[in-house]
Amino acid sequence: MHHRRLIDPIALSEATERIVARRRIDEGLDRRYWRFRGGRWYGGIATADAVGCCLRCVFCWSWRIRDNPYTGVFYSARDVWVKLTDICVRRGYSQVRVSGCEPTIAFDHLEELIGLFDSDRRYLFVLETNGILIGAYKEYAERLSRFKKLHVRVSIKGCNSEEFSMLTLADPRGFELQLNALKNLIDEGVSCHPAVMLSFSDSTSRYKLLDRLKSIDDRLVEDFEEEYVFLYPHVEVKLREYGLKPRIAFKPNYIPEDLI
Ligand code: SF4
């Protein structure tokens, strides 16, 4: 059993940003990335894997990179835009995303990146986020609202604050920030839906969460996405370490070599 101090996700975001982001002389903000790839998710999506997160999810597939934030190379938003566009053109994709991290850390960088894609409207930007910062700072939702081809997928960790804390090692109050992200996005008219990690939840907590989502907006229940753990070997190691047994999980049929 681990007894450690709970993470303060806001403080961790700030500390992480100082490592994974760097101001250039021209004021632009670069961020560390470690990989650019195509992928079969969502029927084909160009993906940039960046470094750094403000949670410590026990089931995180990118925990090795996450816990070594000095890895990767600094890229400007324009560099990332060029690389992702190139993948889309070569593979015929129409969607892009940043993964393996929390993209809203170094928000100026993210905003510039989404802006570059939004200006030519060719590709849909899928923002996958844990929502902590969007929940804490309404201004972020407002800044996202000016983009036309953006959809935000808020990845909710468990169905309540206890599950959230057990799964993310963070202060349970972070769960409210996740839900508040959905509220802020809806208030600002940003297209969004919740994807909820349900591997460790029972049906009672799931129904209670659905009630809470309904009280924010009916659409959150209609668009509710279920998420389950992928049992990569390096993820199973972590689950064992923390004594967590998923009720439902997927066995991946291929293992990305660079994650082992
Ligand atoms: S929020 Fe995502 S990137 Fe961050 S620790 Fe959790 S699973 Fe990993």
# chains A, B, ... in the order shown; residues from 1 in each chain; ligands from 1
>>> closest_atom_pairs(of="chain A", to="ligand 1", cutoff="10 Å", atoms="only C-alpha atoms and all ligand atoms", output="tab-separated table")
residue	atom	partner	partner_atom_place_in_ligand_line	distance
A:Asp49	CA	ligand 1	3 (S)	10.0
A:Ala50	CA	ligand 1	3 (S)	9.4
A:Val51	CA	ligand 1	3 (S)	8.7
A:Gly52	CA	ligand 1	3 (S)	7.5
A:Cys53	CA	ligand 1	4 (Fe)	4.7
A:Cys54	CA	ligand 1	4 (Fe)	6.2
A:Leu55	CA	ligand 1	5 (S)	4.6
A:Arg56	CA	ligand 1	5 (S)	4.2
A:Cys57	CA	ligand 1	6 (Fe)	4.1
A:Val58	CA	ligand 1	5 (S)	7.3
A:Phe59	CA	ligand 1	7 (S)	6.4
A:Cys60	CA	ligand 1	7 (S)	4.0
A:Trp61	CA	ligand 1	8 (Fe)	6.5
A:Ser62	CA	ligand 1	8 (Fe)	5.9
A:Trp63	CA	ligand 1	8 (Fe)	6.1
A:Arg64	CA	ligand 1	8 (Fe)	9.7
A:Ile65	CA	ligand 1	3 (S)	9.4
A:Arg66	CA	ligand 1	3 (S)	7.0
A:Asp67	CA	ligand 1	5 (S)	9.2
A:Ser99	CA	ligand 1	3 (S)	7.4
A:Gly100	CA	ligand 1	3 (S)	5.1
A:Cys101	CA	ligand 1	3 (S)	4.0
A:Glu102	CA	ligand 1	3 (S)	5.5
A:Pro103	CA	ligand 1	3 (S)	8.9
A:Glu128	CA	ligand 1	2 (Fe)	8.6
A:Thr129	CA	ligand 1	1 (S)	7.0
A:Asn130	CA	ligand 1	1 (S)	5.1
A:Gly131	CA	ligand 1	1 (S)	8.7
A:Ile132	CA	ligand 1	1 (S)	9.0
A:Val154	CA	ligand 1	1 (S)	9.7
A:Ser155	CA	ligand 1	1 (S)	7.3
A:Ile156	CA	ligand 1	1 (S)	8.6
A:Lys157	CA	ligand 1	6 (Fe)	7.8
A:Leu167	CA	ligand 1	6 (Fe)	8.4
A:Thr168	CA	ligand 1	6 (Fe)	6.5
A:Leu169	CA	ligand 1	5 (S)	9.4
A:Met197	CA	ligand 1	7 (S)	9.6
A:Val229	CA	ligand 1	7 (S)	9.7
>>> residues_around(residues="Gly38 in chain A", least_positions_apart="6", cutoff="12 Å", atoms="only C-alpha atoms", output="PyMOL selection string")
chain A and resi 44-49+83-99
>>> residues_around(residues="Lys183 in chain A", least_positions_apart="4", cutoff="9 Å", atoms="only C-alpha atoms", output="short mmCIF file (atom, residue, chain, number, x, y, z; two decimals) with N, CA and C atoms, in the first residue's frame")
data_model
loop_
_atom_site.label_atom_id
_atom_site.label_comp_id
_atom_site.auth_asym_id
_atom_site.auth_seq_id
_atom_site.Cartn_x
_atom_site.Cartn_y
_atom_site.Cartn_z
N GLY A 135 -11.13 23.42 -16.01
CA GLY A 135 -12.06 23.54 -14.89
C GLY A 135 -11.64 24.62 -13.91
N LEU A 179 -15.26 17.99 -13.73
CA LEU A 179 -16.66 18.24 -14.10
C LEU A 179 -16.87 19.70 -14.47
N ASP A 187 -20.74 26.21 -21.24
CA ASP A 187 -21.12 27.63 -21.09
C ASP A 187 -20.54 28.49 -22.21
N GLU A 188 -19.34 28.12 -22.66
CA GLU A 188 -18.68 28.93 -23.70
C GLU A 188 -19.02 28.43 -25.11
N ILE A 216 -25.56 19.06 -15.44
CA ILE A 216 -24.80 20.10 -16.17
C ILE A 216 -25.44 20.31 -17.54
N ASP A 217 -25.65 19.22 -18.26
CA ASP A 217 -26.28 19.32 -19.58
C ASP A 217 -26.66 17.92 -20.08
#
>>> select_by_dssp(residues="range 196-258 of chain A", states="strand (DSSP E)", output="JSON list (two decimals) with N, CA and C atoms, in the first residue's frame")
[["chain", "number", "residue", "atom", "x", "y", "z"],
["A", 196, "VAL", "N", -15.21, 8.60, -19.82],
["A", 196, "VAL", "CA", -15.03, 8.29, -18.40],
["A", 196, "VAL", "C", -14.33, 6.94, -18.22],
["A", 197, "MET", "N", -13.25, 6.96, -17.44],
["A", 197, "MET", "CA", -12.53, 5.73, -17.11],
["A", 197, "MET", "C", -13.39, 4.93, -16.13],
["A", 225, "GLU", "N", -18.90, 8.72, -23.21],
["A", 225, "GLU", "CA", -18.03, 7.67, -23.78],
["A", 225, "GLU", "C", -17.42, 6.87, -22.63],
["A", 226, "GLU", "N", -17.44, 5.55, -22.80],
["A", 226, "GLU", "CA", -16.84, 4.69, -21.77],
["A", 226, "GLU", "C", -15.38, 4.44, -22.12],
["A", 227, "GLU", "N", -14.53, 4.52, -21.11],
["A", 227, "GLU", "CA", -13.11, 4.25, -21.35],
["A", 227, "GLU", "C", -12.67, 3.14, -20.42],
["A", 229, "VAL", "N", -9.23, 0.52, -19.25],
["A", 229, "VAL", "CA", -7.78, 0.40, -19.23],
["A", 229, "VAL", "C", -7.29, -0.56, -20.31],
["A", 230, "PHE", "N", -6.18, -0.19, -20.95],
["A", 230, "PHE", "CA", -5.47, -1.11, -21.84],
["A", 230, "PHE", "C", -4.34, -1.75, -21.04],
["A", 249, "ALA", "N", -11.23, -4.53, -18.51],
["A", 249, "ALA", "CA", -10.03, -3.97, -19.14],
["A", 249, "ALA", "C", -9.85, -4.61, -20.50],
["A", 250, "PHE", "N", -9.06, -3.97, -21.35],
["A", 250, "PHE", "CA", -8.75, -4.53, -22.66],
["A", 250, "PHE", "C", -7.35, -5.07, -22.68]]
>>> atom_distance(atom1="CA of Asp8 in chain A", atom2="CA of Cys159 in chain A")
19.2 Å
>>> closest_residue(among="A:Gly115, A:Leu182, A:Asn160, A:Arg173", to="Ala141 in chain A", atoms="only C-alpha atoms")
A:Leu182
>>> closest_atom_pairs(of="range 72-113 of chain A", to="range 27-31 of chain A", cutoff="6 Å", atoms="only C-alpha atoms", output="Markdown table")
| residue | atom | partner | partner_atom | distance |
| --- | --- | --- | --- | --- |
| A:Phe74 | CA | A:Arg31 | CA | 5.0 |
| A:Tyr75 | CA | A:Asp30 | CA | 5.2 |
| A:Ser76 | CA | A:Asp30 | CA | 4.4 |
| A:His109 | CA | A:Leu29 | CA | 5.2 |
>>> atom_distance(atom1="CA of Ser119 in chain A", atom2="CA of Asp79 in chain A")
15.6 Å
>>> select_by_dssp(residues="range 25-77 of chain A", states="alpha helix (DSSP H)", output="PyMOL selection string")
chain A and resi 63-66+77
>>> write_last_selection(atoms="N, CA and C atoms", output="CSV table (one decimal), in the first residue's frame")
chain,number,residue,atom,x,y,z
A,63,TRP,N,3.4,6.7,-18.7
A,63,TRP,CA,3.9,7.1,-17.4
A,63,TRP,C,5.4,7.2,-17.4
A,64,ARG,N,6.1,6.5,-18.2
A,64,ARG,CA,7.6,6.6,-18.2
A,64,ARG,C,8.0,7.9,-18.7
A,65,ILE,N,7.4,8.4,-19.8
A,65,ILE,CA,7.7,9.7,-20.3
A,65,ILE,C,7.2,10.8,-19.3
A,66,ARG,N,6.0,10.6,-18.8
A,66,ARG,CA,5.4,11.5,-17.9
A,66,ARG,C,6.3,11.8,-16.7
A,77,ALA,N,4.9,25.6,-32.0
A,77,ALA,CA,3.5,25.2,-32.5
A,77,ALA,C,3.5,25.0,-34.0
>>> closest_residue(among="A:Leu198, A:Lys149, A:Glu139, A:Glu112", to="Phe125 in chain A", atoms="only C-alpha atoms")
A:Lys149
>>> atom_distance(atom1="CA of Trp81 in chain A", atom2="CA of Ala106 in chain A")
15.9 Å
>>> residues_around(residues="Leu6 in chain A", least_positions_apart="5", cutoff="9 Å", atoms="only C-alpha atoms", output="VMD selection string")
chain A and resid 165 169 to 172
>>> closest_residue(among="A:Leu113, A:Val20, A:Val221, A:Ile7", to="Tyr207 in chain A", atoms="only C-alpha atoms")
A:Val221
>>> residues_around(residues="Ser201 in chain A", least_positions_apart="4", cutoff="7 Å", atoms="only C-alpha atoms", output="mmCIF file with N, CA and C atoms, in the first residue's frame")
data_model
loop_
_atom_site.group_PDB
_atom_site.id
_atom_site.type_symbol
_atom_site.label_atom_id
_atom_site.label_comp_id
_atom_site.auth_asym_id
_atom_site.auth_seq_id
_atom_site.Cartn_x
_atom_site.Cartn_y
_atom_site.Cartn_z
ATOM 1 N N GLY A 158 -12.631 8.111 -13.279
ATOM 2 C CA GLY A 158 -13.526 7.523 -12.280
ATOM 3 C C GLY A 158 -14.821 8.299 -12.187
ATOM 4 N N CYS A 159 -15.701 7.835 -11.281
ATOM 5 C CA CYS A 159 -17.057 8.398 -11.230
ATOM 6 C C CYS A 159 -17.300 9.350 -10.069
ATOM 7 N N SER A 205 -21.932 3.878 -8.804
ATOM 8 C CA SER A 205 -21.196 5.139 -8.944
ATOM 9 C C SER A 205 -21.332 5.672 -10.371
ATOM 10 N N ARG A 206 -21.430 4.772 -11.313
ATOM 11 C CA ARG A 206 -21.627 5.201 -12.697
ATOM 12 C C ARG A 206 -22.967 5.944 -12.867
#
>>> decode(residues="range 129-159 of chain A", atoms="C-alpha atoms", output="CSV table (one decimal), in the first residue's frame")
chain,number,residue,atom,x,y,z
A,129,THR,CA,-7.6,16.7,-21.9
A,130,ASN,CA,-8.1,15.7,-18.2
A,131,GLY,CA,-9.9,19.1,-17.9
A,132,ILE,CA,-8.2,20.1,-14.7
A,133,LEU,CA,-6.9,23.5,-16.0
A,134,ILE,CA,-10.0,24.2,-18.0
A,135,GLY,CA,-12.1,23.5,-14.9
A,136,ALA,CA,-9.8,25.8,-12.8
A,137,TYR,CA,-9.6,28.6,-15.4
A,138,LYS,CA,-12.8,29.6,-17.1
A,139,GLU,CA,-10.7,31.8,-19.3
A,140,TYR,CA,-9.2,28.7,-21.0
A,141,ALA,CA,-12.7,27.6,-22.1
A,142,GLU,CA,-13.3,31.1,-23.4
A,143,ARG,CA,-10.1,31.1,-25.4
A,144,LEU,CA,-11.0,27.8,-26.9
A,145,SER,CA,-14.4,29.0,-27.9
A,146,ARG,CA,-13.1,31.1,-30.8
A,147,PHE,CA,-12.0,28.0,-32.7
A,148,LYS,CA,-14.5,26.5,-35.2
A,149,LYS,CA,-12.9,23.0,-35.9
A,150,LEU,CA,-12.3,21.9,-32.3
A,151,HIS,CA,-13.8,19.2,-30.3
A,152,VAL,CA,-12.8,18.6,-26.7
A,153,ARG,CA,-12.8,15.2,-25.1
A,154,VAL,CA,-12.6,15.5,-21.4
A,155,SER,CA,-11.1,12.3,-19.9
A,156,ILE,CA,-12.8,11.9,-16.5
A,157,LYS,CA,-10.9,9.7,-14.1
A,158,GLY,CA,-13.5,7.5,-12.3
A,159,CYS,CA,-17.1,8.4,-11.2
